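Accompanying notes for the structure given below.
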Amino acid sequence: MEQHAADAELTPATVAAAFGLSVRSLHALFTLSDCSFQQFLTRTRLHHAHALLRDPHAQHLDTASIGFTAGFGEVSTFYRRFKQRYGVTPGACRLA
(Lines give C-alpha, C1' and ligand atoms only; values in the text may rest on other atoms or scores of the structure.)
Protein backbone atom coordinates (compact mmCIF):
# COMPACT_ATOMS: atom_id res chain seq x y z
CA MET A 1 0.00 0.00 0.00
CA GLU A 2 2.80 2.42 0.81
CA GLN A 3 4.35 1.95 -2.64
CA HIS A 4 1.05 2.69 -4.40
CA ALA A 5 -0.51 5.17 -1.96
CA ALA A 6 -0.14 8.02 -4.46
CA ASP A 7 -2.52 6.21 -6.83
CA ALA A 8 -5.82 8.05 -6.39
CA GLU A 9 -7.62 4.92 -7.59
CA LEU A 10 -6.24 2.71 -4.79
CA THR A 11 -9.15 0.96 -3.08
CA PRO A 12 -9.63 -1.87 -0.62
CA ALA A 13 -10.69 -4.05 -3.57
CA THR A 14 -7.48 -3.44 -5.53
CA VAL A 15 -5.28 -4.02 -2.49
CA ALA A 16 -7.18 -7.17 -1.50
CA ALA A 17 -6.90 -8.54 -5.04
CA ALA A 18 -3.15 -7.85 -5.12
CA PHE A 19 -2.70 -10.01 -2.01
CA GLY A 20 -5.23 -12.66 -2.95
CA LEU A 21 -7.60 -11.68 -0.15
CA SER A 22 -11.24 -10.81 0.00
CA VAL A 23 -12.10 -7.23 0.86
CA ARG A 24 -13.67 -8.51 4.07
CA SER A 25 -10.43 -10.27 5.03
CA LEU A 26 -8.43 -7.13 4.31
CA HIS A 27 -10.68 -5.07 6.56
CA ALA A 28 -10.45 -7.78 9.23
CA LEU A 29 -6.66 -7.41 9.18
CA PHE A 30 -6.99 -3.69 9.72
CA THR A 31 -9.22 -4.25 12.76
CA LEU A 32 -6.13 -5.79 14.40
CA SER A 33 -4.25 -2.50 14.01
CA ASP A 34 -4.89 0.97 15.36
CA CYS A 35 -6.52 2.26 12.18
CA SER A 36 -8.77 1.44 9.24
CA PHE A 37 -7.73 1.02 5.63
CA GLN A 38 -8.71 4.61 4.84
CA GLN A 39 -6.93 6.00 7.90
CA PHE A 40 -3.73 4.14 6.99
CA LEU A 41 -3.93 5.32 3.39
CA THR A 42 -4.51 8.93 4.45
CA ARG A 43 -1.61 8.81 6.94
CA THR A 44 0.68 7.39 4.27
CA ARG A 45 -0.33 10.07 1.76
CA LEU A 46 0.12 12.82 4.35
CA HIS A 47 3.57 11.52 5.26
CA HIS A 48 4.55 11.58 1.58
CA ALA A 49 3.17 15.11 1.13
CA HIS A 50 4.98 16.29 4.26
CA ALA A 51 8.26 14.91 2.93
CA LEU A 52 7.73 16.65 -0.41
CA LEU A 53 6.94 19.96 1.25
CA ARG A 54 10.22 19.76 3.14
CA ASP A 55 12.26 18.55 0.14
CA PRO A 56 14.25 21.36 -1.54
CA HIS A 57 14.10 19.42 -4.81
CA ALA A 58 10.30 19.71 -4.82
CA GLN A 59 10.19 23.50 -4.44
CA HIS A 60 8.98 23.83 -8.03
CA LEU A 61 5.70 22.13 -7.06
CA ASP A 62 2.94 24.23 -5.52
CA THR A 63 1.14 22.87 -2.48
CA ALA A 64 -1.92 21.76 -4.45
CA SER A 65 0.29 19.78 -6.85
CA ILE A 66 1.96 18.10 -3.89
CA GLY A 67 -1.45 17.03 -2.62
CA PHE A 68 -2.31 15.51 -5.99
CA THR A 69 1.13 13.88 -6.24
CA ALA A 70 0.58 12.28 -2.83
CA GLY A 71 -2.73 10.82 -4.02
CA PHE A 72 -5.37 13.24 -2.78
CA GLY A 73 -8.17 13.82 -5.26
CA GLU A 74 -9.26 17.20 -3.89
CA VAL A 75 -7.18 20.13 -2.70
CA SER A 76 -9.59 20.98 0.11
CA THR A 77 -9.38 17.45 1.52
CA PHE A 78 -5.60 17.55 1.37
CA TYR A 79 -5.40 20.91 3.15
CA ARG A 80 -7.93 19.90 5.82
CA ARG A 81 -6.33 16.52 6.57
CA PHE A 82 -2.82 18.00 6.54
CA LYS A 83 -3.76 20.66 9.09
CA GLN A 84 -5.51 18.06 11.27
CA ARG A 85 -2.41 15.84 11.24
CA TYR A 86 0.40 18.40 11.51
CA GLY A 87 -1.33 21.43 13.06
CA VAL A 88 -0.25 23.76 10.24
CA THR A 89 -1.26 24.31 6.63
CA PRO A 90 0.87 22.80 3.87
CA GLY A 91 2.12 26.28 2.96
CA ALA A 92 3.17 27.02 6.54
CA CYS A 93 4.93 23.66 6.69
CA ARG A 94 6.89 24.51 3.57
CA LEU A 95 7.96 27.88 5.00
CA ALA A 96 9.09 26.39 8.33
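Letters A, B, ... mark the chains of the C-alpha coordinates in the order given; residue numbers begin at 1 per chain; ligand numbers begin at 1, in order shown.
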
*Counting only C-alpha atoms, what is within 12 Å of Phe68 of chain A, bar same-chain residues fewer than 3 positions away, as a VMD selection string?*
chain A and resid 5 to 9 45 to 46 48 to 49 52 61 to 65 71 to 79

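Counting only C-alpha atoms, Gln38 of chain A has the following residues at most 10 Å away, ignoring those fewer than 5 positions along the same chain: Thr11, Pro12, Phe30, Arg43 and Thr44 of chain A.
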
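The coordinates place atom CA of Ala70 of chain A at 17.4 Å from atom CA of Val88 of chain A.
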
*Find the spatial neighbours of Ser22 of chain A, counting only C-alpha atoms, within a cut-off of 10 Å - ignore same-chain residues fewer than 6 positions away - and output them as an MDAnalysis selection string.*
chainID A and resid 12:16 28

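Taking atom CA of Gln59 of chain A as the reference point, atom CA of Thr42 of chain A is found at 22.5 Å.
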